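Chemist: Below you'll find the structure I mean.
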Amino acid sequence: MNTFRSQQRTAGALVLLVTVLLLTGASVAVLAQNKVSSTLDPAAGKGMLVAGELWDSYMPLNKGPFYSEATVDLLRVFRIGNFDRQWSSPTHMWPGGWNFGAFWNKNMEFTVWDPDATFNPATIGGVANPSYFAAAGANYAYLSYPNLSRSKTIPGVGNAQRDYARETKWVDAQKRHHVMYEAAHPTTVGVDVKYRIFQYSLNWNNMNDFILVELTFTNTGVVDMNADGVAEKTNHVIEGLAMSLHGEYMSAYSLNEGAGRGNAFFAQRAIGYMGDNDASGAPWAMHVAFPGESGPGLKDMGIFAGPQRYAADVWSAWTCLGAKDATGTDFPTRFGTPAVGTGAERGWYMTAGVGKGFSIGNGDPKDGFIGAMGAYFIDGGKSLDKTKFNLAANPNLFDAGSTAGDLRTFVLKSSGRTAPSGDLKSTNGFVVNPYEPSWTKGYTAANNFDGDGFLGVGPFKLEVNQSVTITFAIAGGYRLQGVANAIGAARWVYQNKIDADYNLPTALEYPAVPEIKVDNTLTKSIRVRWDNRAETGDFAGYKVYRAGLSEQVDWLATGMRGLDEYWRNMTPGPTPASLLKPINPNFTAQSFVAGRNGVPDGWGPYTLMAVIPAASKGTYADASAPGYNYSWEDKAVDVGFKYWYYVAAYTSTGRTMPGLVSFSNQTTTDFVETSNINRNGASGLWMNTYPFATLNTFFPKTSAGQKDIGAGFIVKSALANPADLVSGKTKVVVTPNPYKKKALFDNATLAYDHKVTFMNLPGRAKITILDVSGQVVDVIDFASTDPNNGSTFWDMFSKDGVEVASGLYIYVVEYDGGQQVGYFSILR
């Protein structure tokens, strides 16, 4: 087409896009973010986890710096999400593949306390010590890694056994049941940190709604606080190690096709701690974040994307599961208490709060250390005012006579101990009403970019060569019950894993995830292909699911409500109401969100299209594509629209999770099936950008790359064989014909967007469009090597850039060995 005409239209589209962004309240900075031209992979070496429904990303200290640390000598933040302030990596996105997320970021910092006043001095050898914070003094420090770009180093840097990062991989590549990411590095205080992060794909009992973060701290005793490569101390004992997991809750951000961010603010950004008991009588003991009311008493909580009014009610949660030594035995704090607590004492020994009035994650290591173990003090953060800190031992737990701030003097009571009360969770103050009847203990708070919600553990004492492994669980879900179910499942896995790689008990074994491929045809249909790797054990059959952009999502009628249980449906059609989770009964803003529908995407919601019992699989046998054994054809599709398909393998017998304590899940099921991680052929691993980010630099250009990323599959035609066109076996088709004002695949919000599609084209063709007088209106040179793309659009502008009028038009398609002539009409 005419290049100048194309440029004119692109400029017009940009002006319109700016207008739309301003009208919706999105940041115009998104435009700048979409123009990032760097060809460096922002995810290289980091932990990218997209194998379950919670998508998140992890940057260990040795893979930094993240954007705020670019000019510092020492890196101290274990960054979770949003590495580059462009959200180029997933940042707590549930469900996986939805273009909305909950957090600006999450972080972990690891801090130490030492009673030695020379531990972390202001200067070393007369030179300023980069580990020193004046507000913290010499007794506190972060576990830090040198910023190698600033000529810093410490003992162990570059040692392949101690300093590495290994890309996320399937632990069981043939089955695709769970993934693992690994990294490790030394630190300035002499404690090596090892990261192992796990995620599951099984969609029963919310097993795919959490991520496990396992952190092993090993004290080498070699201290190099100024990061000059020379140790200041050896054989050094760590007197107190503490850490916190915290996050800046946004309620919602959205990502567009360039992976640029827009804000989706509306609801009160609410955070808190749930201390109510689960079915076993132990407290849930979890930090939560949720979209609250937009105003007191309005009861419109759960609106996750403000401008769009999507009543998605997506929640987030995290907790610590425990601490173990190298033999798997529980590792106590330096006081002799459990790291977390069990039974009725679960959560006693963790600290939960909000970084208001003191710094969690943005300040000095003293605040970070005190905040992470604040429950053990009289006031370690519950007043939200550091000027009111009281670092004496909490009398609920310790004998009198301690020296404030000196952990060596804290002596546990021999009897009569009650829950320590130095943190915010002890206050039972509910600033924001969650309107969840099951939540009455703990606290809630409003979060307005003025202090992260956090959960901390410690302090631990580490002798030289001693290790402690601390495991956290991070979850996403629908409403409180969704994240509670996920946390319950994470606890079960922590207690029942059979090896260090978090493999599940053999009794829970289930079929492998089928490898699938989606193809266009020459008859305006989709063919879904899959292999037979799942046909072992008690394999019972296959199920084919579909989501499509031609449909809409009513958030109250379906939306996120069906994501936990829709797979139980065995009758083709929409998810039955009996499998939908209930809307919050206190929600009264139905009229406010009415008609604010969304569109399906790779996350769903999925409709069951076919159930194929093992006895009937031969009916679908198809070996026409190498590597695939079966196919199913979907003839009910609309040309030009995106669709997502996946094939699940289901079992003939049930499974059990003995001892599972959940909010609403059961310990047994009569069958299980594989999840949607193979949608449109996706690998289940991160492929450098989001599957919806079609305009992003890293979005794959090939059909194989788009398959691996699980991109939406557009209904076109397959590439035609020229010989079949010559023989008349295949005909070129124009659709819609006639074109009436707007086609289904046109963008209804863009006035200039209207097009017809030429289908069943060969690899090379010349299309000439003429009016009835024989004048050439436009010429299209078509070329494709993609077997799934034998189609091209015509935008109904002439070669001179003029929008064509209603009328009858002639087309001539020339190709190797022949041509076809046809007609189509345009009705404005």
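For the structure tokens, the naming scheme is as follows: chains receive sequential letters (A, B, ...) according to their order of presentation, residues are indexed from 1 within each chain, and ligands are indexed from 1 in presentation order.
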Write down as an MDAnalysis selection string the residues belonging to segment 223-380 of chain A that are assigned alpha helix (DSSP H) by DSSP computed on the backbone.
Modeler: chainID A and resid 365:372
Chemist: Skipping near chain neighbours, those fewer than 2 positions away, what residues fall within 10 Å of segment 519-521 of chain A using only C-alpha atoms, listed as a ChimeraX atom specification?
Modeler: /A:517,523-529,631,633-635,680,713-720,760,787-790
Chemist: Write out as a ChimeraX atom specification each polymer residue whose atoms come within 12 Å of Phe304 of chain A, counting only C-alpha atoms; drop sequence neighbours fewer than 6 positions from it.
Modeler: /A:93-94,99-103,249-254,263-270,289-294,310-316,478-479,555,559-560,593
Chemist: Can I get the selection written as a short mmCIF file (atom, residue, chain, number, x, y, z; two decimals), in the first residue's frame, with N, CA and C atoms?
Modeler:
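Wrote it out as out-v2.cif, contents follow:
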```
data_model
loop_
_atom_site.label_atom_id
_atom_site.label_comp_id
_atom_site.auth_asym_id
_atom_site.auth_seq_id
_atom_site.Cartn_x
_atom_site.Cartn_y
_atom_site.Cartn_z
N MET A 93 -0.16 -10.82 39.33
CA MET A 93 -1.30 -10.80 38.42
C MET A 93 -2.09 -12.11 38.59
N TRP A 94 -3.32 -11.96 39.01
CA TRP A 94 -4.23 -13.11 39.13
C TRP A 94 -5.56 -12.70 38.53
N ASN A 99 -4.85 -8.85 31.99
CA ASN A 99 -3.95 -7.71 31.86
C ASN A 99 -4.11 -6.70 32.99
N PHE A 100 -4.48 -7.19 34.16
CA PHE A 100 -4.56 -6.35 35.36
C PHE A 100 -3.71 -6.97 36.46
N GLY A 101 -3.14 -6.11 37.29
CA GLY A 101 -2.35 -6.58 38.42
C GLY A 101 -2.65 -5.77 39.66
N ALA A 102 -2.16 -6.26 40.81
CA ALA A 102 -2.58 -5.70 42.09
C ALA A 102 -1.56 -4.80 42.76
N PHE A 103 -0.27 -4.96 42.45
CA PHE A 103 0.76 -4.29 43.23
C PHE A 103 1.68 -3.45 42.36
N TYR A 249 0.39 -1.97 47.64
CA TYR A 249 -0.85 -2.39 47.00
C TYR A 249 -1.46 -1.24 46.23
N MET A 250 -1.83 -1.50 44.96
CA MET A 250 -2.38 -0.45 44.09
C MET A 250 -3.89 -0.58 43.91
N SER A 251 -4.45 -1.70 44.27
CA SER A 251 -5.81 -2.08 43.93
C SER A 251 -5.86 -2.56 42.49
N ALA A 252 -5.35 -1.76 41.56
CA ALA A 252 -5.26 -2.29 40.20
C ALA A 252 -4.44 -1.38 39.31
N TYR A 253 -3.67 -2.02 38.45
CA TYR A 253 -3.08 -1.37 37.29
C TYR A 253 -3.45 -2.21 36.08
N SER A 254 -3.41 -1.61 34.92
CA SER A 254 -3.70 -2.36 33.70
C SER A 254 -2.54 -2.23 32.74
N ASN A 263 -3.25 3.30 35.12
CA ASN A 263 -3.84 3.12 36.44
C ASN A 263 -5.31 2.75 36.31
N ALA A 264 -5.76 1.93 37.24
CA ALA A 264 -7.17 1.53 37.27
C ALA A 264 -7.71 1.75 38.68
N PHE A 265 -7.44 2.92 39.23
CA PHE A 265 -7.80 3.21 40.61
C PHE A 265 -9.31 3.43 40.74
N PHE A 266 -9.82 3.05 41.88
CA PHE A 266 -11.21 3.33 42.23
C PHE A 266 -11.45 2.93 43.68
N ALA A 267 -11.25 1.66 43.96
CA ALA A 267 -11.55 1.14 45.29
C ALA A 267 -10.53 1.64 46.32
N GLN A 268 -10.95 1.61 47.57
CA GLN A 268 -10.01 1.85 48.66
C GLN A 268 -8.96 0.75 48.64
N ARG A 269 -7.70 1.14 48.62
CA ARG A 269 -6.62 0.16 48.66
C ARG A 269 -6.48 -0.32 50.10
N ALA A 270 -6.93 -1.53 50.35
CA ALA A 270 -7.05 -2.02 51.72
C ALA A 270 -6.12 -3.21 51.94
N ALA A 289 -4.55 -8.35 50.99
CA ALA A 289 -4.79 -7.06 50.33
C ALA A 289 -6.02 -7.22 49.46
N PHE A 290 -6.88 -6.21 49.44
CA PHE A 290 -8.15 -6.36 48.75
C PHE A 290 -8.71 -5.00 48.34
N PRO A 291 -9.56 -4.97 47.32
CA PRO A 291 -10.21 -3.72 46.91
C PRO A 291 -11.42 -3.43 47.80
N GLY A 292 -11.31 -2.40 48.62
CA GLY A 292 -12.40 -2.06 49.52
C GLY A 292 -13.44 -1.14 48.88
N GLU A 293 -14.26 -0.54 49.70
CA GLU A 293 -15.27 0.39 49.21
C GLU A 293 -14.62 1.64 48.63
N SER A 294 -15.33 2.28 47.71
CA SER A 294 -14.83 3.56 47.21
C SER A 294 -15.14 4.69 48.18
N TYR A 310 -15.05 -3.09 36.79
CA TYR A 310 -15.04 -4.55 36.77
C TYR A 310 -15.16 -5.07 38.20
N ALA A 311 -16.25 -5.70 38.51
CA ALA A 311 -16.48 -6.24 39.85
C ALA A 311 -15.82 -7.61 39.96
N ALA A 312 -14.50 -7.62 39.87
CA ALA A 312 -13.76 -8.88 39.82
C ALA A 312 -13.45 -9.44 41.20
N ASP A 313 -13.37 -8.57 42.22
CA ASP A 313 -13.13 -8.97 43.61
C ASP A 313 -11.90 -9.87 43.75
N VAL A 314 -10.79 -9.44 43.19
CA VAL A 314 -9.53 -10.20 43.25
C VAL A 314 -8.76 -9.80 44.51
N TRP A 315 -8.34 -10.80 45.28
CA TRP A 315 -7.62 -10.59 46.53
C TRP A 315 -6.20 -11.15 46.41
N SER A 316 -5.37 -10.73 47.34
CA SER A 316 -3.99 -11.21 47.42
C SER A 316 -3.68 -11.57 48.87
N TYR A 478 -10.11 -15.31 44.20
CA TYR A 478 -11.40 -14.60 44.20
C TYR A 478 -11.91 -14.53 45.63
N ARG A 479 -12.04 -13.30 46.13
CA ARG A 479 -12.53 -13.01 47.47
C ARG A 479 -11.61 -13.62 48.53
N TRP A 555 -19.12 -9.66 34.96
CA TRP A 555 -18.31 -9.98 36.13
C TRP A 555 -19.14 -10.51 37.29
N GLY A 559 -17.31 -14.17 35.28
CA GLY A 559 -16.04 -13.56 35.63
C GLY A 559 -15.13 -14.49 36.41
N MET A 560 -14.62 -13.99 37.54
CA MET A 560 -13.68 -14.76 38.35
C MET A 560 -14.39 -15.82 39.19
N VAL A 593 -22.33 -1.28 38.41
CA VAL A 593 -21.45 -2.04 37.54
C VAL A 593 -22.20 -2.71 36.39
#
```
Chemist: Which one is closest to Val493 of chain A: A:Gln199, A:Ser57, A:Thr111, A:Asn584? Count only C-alpha atoms.
Modeler: A:Gln199
Chemist: Smallest atom-to-atom distance to Leu580 of chain A: which of A:Leu556, A:Val127, A:Ala352, A:Leu522, using only C-alpha atoms?
Modeler: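 Under the stated criterion, the closest residue is A:Leu556.
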Chemist: Could you work out how far atom CA of Gly221 of chain A lies from atom CA of Leu407 of chain A, giving the answer in Å with one decimal?
Modeler: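 Distance between the two atoms: 19.8 Å.
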Chemist: Identify all residues of segment 113-220 of chain A in strand (DSSP E or B) (DSSP on the backbone) and supply them as a PDB file with C-alpha atoms, in the first residue's frame.
Modeler:
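Contents of the output file selection.pdb:
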```
ATOM      1  CA  TRP A 113      21.344  -6.894  64.390  1.00  0.00           C
ATOM      2  CA  THR A 123      33.961   4.381  58.053  1.00  0.00           C
ATOM      3  CA  ILE A 124      36.355   1.536  57.403  1.00  0.00           C
ATOM      4  CA  VAL A 127      36.683   5.626  53.918  1.00  0.00           C
ATOM      5  CA  ALA A 128      32.890   5.911  54.091  1.00  0.00           C
ATOM      6  CA  TYR A 140      22.191  -2.851  62.130  1.00  0.00           C
ATOM      7  CA  ALA A 141      22.817  -3.763  58.506  1.00  0.00           C
ATOM      8  CA  TYR A 142      21.151  -5.120  55.394  1.00  0.00           C
ATOM      9  CA  TYR A 145      25.183  -7.672  47.309  1.00  0.00           C
ATOM     10  CA  PRO A 146      27.681  -5.393  45.517  1.00  0.00           C
ATOM     11  CA  THR A 153      32.805  -6.892  45.208  1.00  0.00           C
ATOM     12  CA  TYR A 164      24.347 -17.999  40.265  1.00  0.00           C
ATOM     13  CA  ALA A 165      20.876 -17.649  38.772  1.00  0.00           C
ATOM     14  CA  ARG A 166      19.154 -20.415  36.840  1.00  0.00           C
ATOM     15  CA  GLU A 167      16.187 -19.787  34.581  1.00  0.00           C
ATOM     16  CA  THR A 168      12.772 -21.082  35.591  1.00  0.00           C
ATOM     17  CA  LYS A 169      12.296 -24.641  34.378  1.00  0.00           C
ATOM     18  CA  TRP A 170       9.798 -27.451  34.587  1.00  0.00           C
ATOM     19  CA  HIS A 178       5.448 -27.759  38.580  1.00  0.00           C
ATOM     20  CA  VAL A 179       8.268 -25.316  37.916  1.00  0.00           C
ATOM     21  CA  MET A 180      11.293 -24.183  39.894  1.00  0.00           C
ATOM     22  CA  TYR A 181      13.586 -21.147  39.848  1.00  0.00           C
ATOM     23  CA  GLU A 182      16.940 -21.134  41.625  1.00  0.00           C
ATOM     24  CA  ALA A 183      19.496 -18.470  42.498  1.00  0.00           C
ATOM     25  CA  ALA A 184      22.137 -17.848  45.157  1.00  0.00           C
ATOM     26  CA  HIS A 185      24.669 -15.234  46.177  1.00  0.00           C
ATOM     27  CA  VAL A 191      25.417 -14.847  55.014  1.00  0.00           C
ATOM     28  CA  ASP A 192      24.912 -16.618  51.696  1.00  0.00           C
ATOM     29  CA  VAL A 193      21.317 -16.557  50.427  1.00  0.00           C
ATOM     30  CA  LYS A 194      19.861 -19.324  48.295  1.00  0.00           C
ATOM     31  CA  TYR A 195      16.497 -18.860  46.572  1.00  0.00           C
ATOM     32  CA  ARG A 196      14.267 -21.709  45.393  1.00  0.00           C
ATOM     33  CA  ILE A 197      10.835 -20.710  44.104  1.00  0.00           C
ATOM     34  CA  PHE A 198       8.117 -23.180  43.103  1.00  0.00           C
ATOM     35  CA  GLN A 199       4.730 -23.136  41.388  1.00  0.00           C
ATOM     36  CA  TYR A 200       2.191 -25.819  40.456  1.00  0.00           C
ATOM     37  CA  PHE A 210       0.093 -19.805  45.066  1.00  0.00           C
ATOM     38  CA  ILE A 211       3.869 -19.538  44.729  1.00  0.00           C
ATOM     39  CA  LEU A 212       6.310 -20.917  47.298  1.00  0.00           C
ATOM     40  CA  VAL A 213       9.407 -18.837  48.039  1.00  0.00           C
ATOM     41  CA  GLU A 214      12.067 -20.819  49.875  1.00  0.00           C
ATOM     42  CA  LEU A 215      15.065 -18.894  51.238  1.00  0.00           C
ATOM     43  CA  THR A 216      18.110 -20.578  52.764  1.00  0.00           C
ATOM     44  CA  PHE A 217      20.525 -18.456  54.795  1.00  0.00           C
ATOM     45  CA  THR A 218      23.967 -19.913  55.516  1.00  0.00           C
ATOM     46  CA  ASN A 219      26.430 -18.059  57.711  1.00  0.00           C
TER      47      ASN A 219
END
```
Chemist: What's the 8 Å shell around Gly374 of chain A, counting only C-alpha atoms, without same-chain residues fewer than 5 positions away, as a list in words?
Modeler: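 Neighbouring residues, sequence-local ones excluded: Thr351, Asp379, Gly380, Gly381, Gly422 and Asp423 of chain A.
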Chemist: Generate a file of the selected residues that holds N, CA, C and O atoms, formatted as a short mmCIF file (atom, residue, chain, number, x, y, z; two decimals), in the first residue's frame.
Modeler:
```cif
data_model
loop_
_atom_site.label_atom_id
_atom_site.label_comp_id
_atom_site.auth_asym_id
_atom_site.auth_seq_id
_atom_site.Cartn_x
_atom_site.Cartn_y
_atom_site.Cartn_z
N THR A 351 5.39 -11.14 62.69
CA THR A 351 5.01 -9.74 62.88
C THR A 351 4.26 -9.27 61.64
O THR A 351 4.67 -9.55 60.51
N ASP A 379 6.49 -2.16 71.91
CA ASP A 379 5.95 -1.49 70.73
C ASP A 379 7.00 -1.54 69.63
O ASP A 379 7.96 -0.78 69.63
N GLY A 380 6.82 -2.47 68.73
CA GLY A 380 7.72 -2.60 67.59
C GLY A 380 7.03 -2.23 66.29
O GLY A 380 7.37 -2.75 65.23
N GLY A 381 6.02 -1.33 66.39
CA GLY A 381 5.32 -0.87 65.20
C GLY A 381 3.83 -0.75 65.34
O GLY A 381 3.17 -0.20 64.46
N GLY A 422 3.43 -6.61 70.34
CA GLY A 422 4.15 -5.42 69.93
C GLY A 422 3.89 -4.95 68.52
O GLY A 422 4.43 -3.92 68.10
N ASP A 423 3.04 -5.68 67.78
CA ASP A 423 2.81 -5.30 66.38
C ASP A 423 1.34 -4.97 66.15
O ASP A 423 0.50 -5.09 67.04
#
```
Chemist: Find the nearest atom pair between each residue of segment 414-508 of chain A and segment 666-673 of chain A for residues within 12 Å, count only C-alpha atoms, give distances in Å to one decimal, sort rows by chain and ascending number, and present the table as CSV.
Modeler:
```
residue,atom,partner,partner_atom,distance
A:Asn485,CA,A:Gln666,CA,10.0
A:Gly488,CA,A:Gln666,CA,11.2
A:Ala489,CA,A:Thr667,CA,10.2
A:Trp492,CA,A:Thr667,CA,10.6
A:Ala507,CA,A:Thr668,CA,11.8
A:Leu508,CA,A:Val672,CA,9.4
```
Chemist: Would you output that residue set with C-alpha atoms, as a PDB file, in the first residue's frame?
Modeler:
```pdb
ATOM      1  CA  ASN A 485      -8.002 -21.789  50.092  1.00  0.00           C
ATOM      2  CA  GLY A 488      -4.346 -23.692  52.955  1.00  0.00           C
ATOM      3  CA  ALA A 489      -3.139 -25.643  49.916  1.00  0.00           C
ATOM      4  CA  TRP A 492      -0.481 -28.734  52.859  1.00  0.00           C
ATOM      5  CA  ALA A 507      -0.841 -40.738  45.420  1.00  0.00           C
ATOM      6  CA  LEU A 508      -1.528 -37.311  43.912  1.00  0.00           C
TER       7      LEU A 508
END
```
Chemist: Given only C-alpha atoms as the basis, pick out the residue of A:Tyr566, A:Thr506, A:Gln495, A:Ser578 nearest to Thr329 of chain A.
Modeler: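 For Thr329 of chain A, the nearest of the given residues is A:Gln495.
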Chemist: Taking into account only C-alpha atoms, which residue in the set A:Asn139, A:Thr403, A:Gln706, A:Asn62 is nearest to Thr689 of chain A?
Modeler: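 For Thr689 of chain A, the nearest of the candidates is A:Gln706.
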Chemist: For atom CA of Phe430 of chain A and atom CA of Ser383 of chain A, quote the distance in Å rounded to one decimal.
Modeler: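 Interatomic distance, atom CA of Phe430 of chain A to atom CA of Ser383 of chain A: 14.2 Å.
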Chemist: Counting only C-alpha atoms, what is within 7 Å of Pro613 of chain A, bar same-chain residues fewer than 3 positions away, as a PyMOL selection string?
Modeler: chain A and resi 540-542+616-617
Chemist: Closest to Ala589 of chain A among A:Lys299, A:Trp644, A:Val777, A:Gly728, using only C-alpha atoms?
Modeler: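 For Ala589 of chain A, the nearest of the candidates is A:Lys299.
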Chemist: What separation in Å, quoted to one decimal, exists between atom CA of Gly371 of chain A and atom CA of Thr234 of chain A?
Modeler: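 Those two atoms sit 28.3 Å apart.
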Chemist: If we count only C-alpha atoms, what is near segment 203-206 of chain A at a cut-off of 6 Å, once residues fewer than 4 positions away on the same chain are taken out, given as number ranges by chain?
Modeler: A: 486, 665, 675
Chemist: Which residues are close to Asn120 of chain A, i.e. within 9 Å by only C-alpha atoms, leaving aside same-chain residues fewer than 5 positions away? Reply as a list in words.
Modeler: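 Non-adjacent residues within range: Asp114, Asn129, Ser131, Tyr132, Phe133, Gly137, Ala138, Asn139, Tyr140, Ala141, Met225 and Asn226 of chain A.
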Chemist: Hey, can you spit out that residue selection with C-alpha atoms as a tab-separated table (two decimals), in the first residue's frame?
Modeler:
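Contents of again-v1.tsv, freshly written:
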```tsv
chain	number	residue	atom	x	y	z
A	114	ASP	CA	24.63	-7.21	66.21
A	129	ASN	CA	31.25	2.52	54.56
A	131	SER	CA	26.63	-0.42	54.40
A	132	TYR	CA	26.29	2.19	57.12
A	133	PHE	CA	23.07	4.17	57.70
A	137	GLY	CA	23.90	3.22	63.64
A	138	ALA	CA	26.55	0.53	63.72
A	139	ASN	CA	24.44	-2.29	65.14
A	140	TYR	CA	22.19	-2.85	62.13
A	141	ALA	CA	22.82	-3.76	58.51
A	225	MET	CA	30.72	-4.50	54.94
A	226	ASN	CA	32.42	-2.00	52.63
```
Chemist: In terms of the shortest atom-to-atom distance over only C-alpha atoms, which of A:Val661, A:Leu397, A:Ala375, A:Leu143 is closest to Leu241 of chain A?
Modeler: A:Leu143
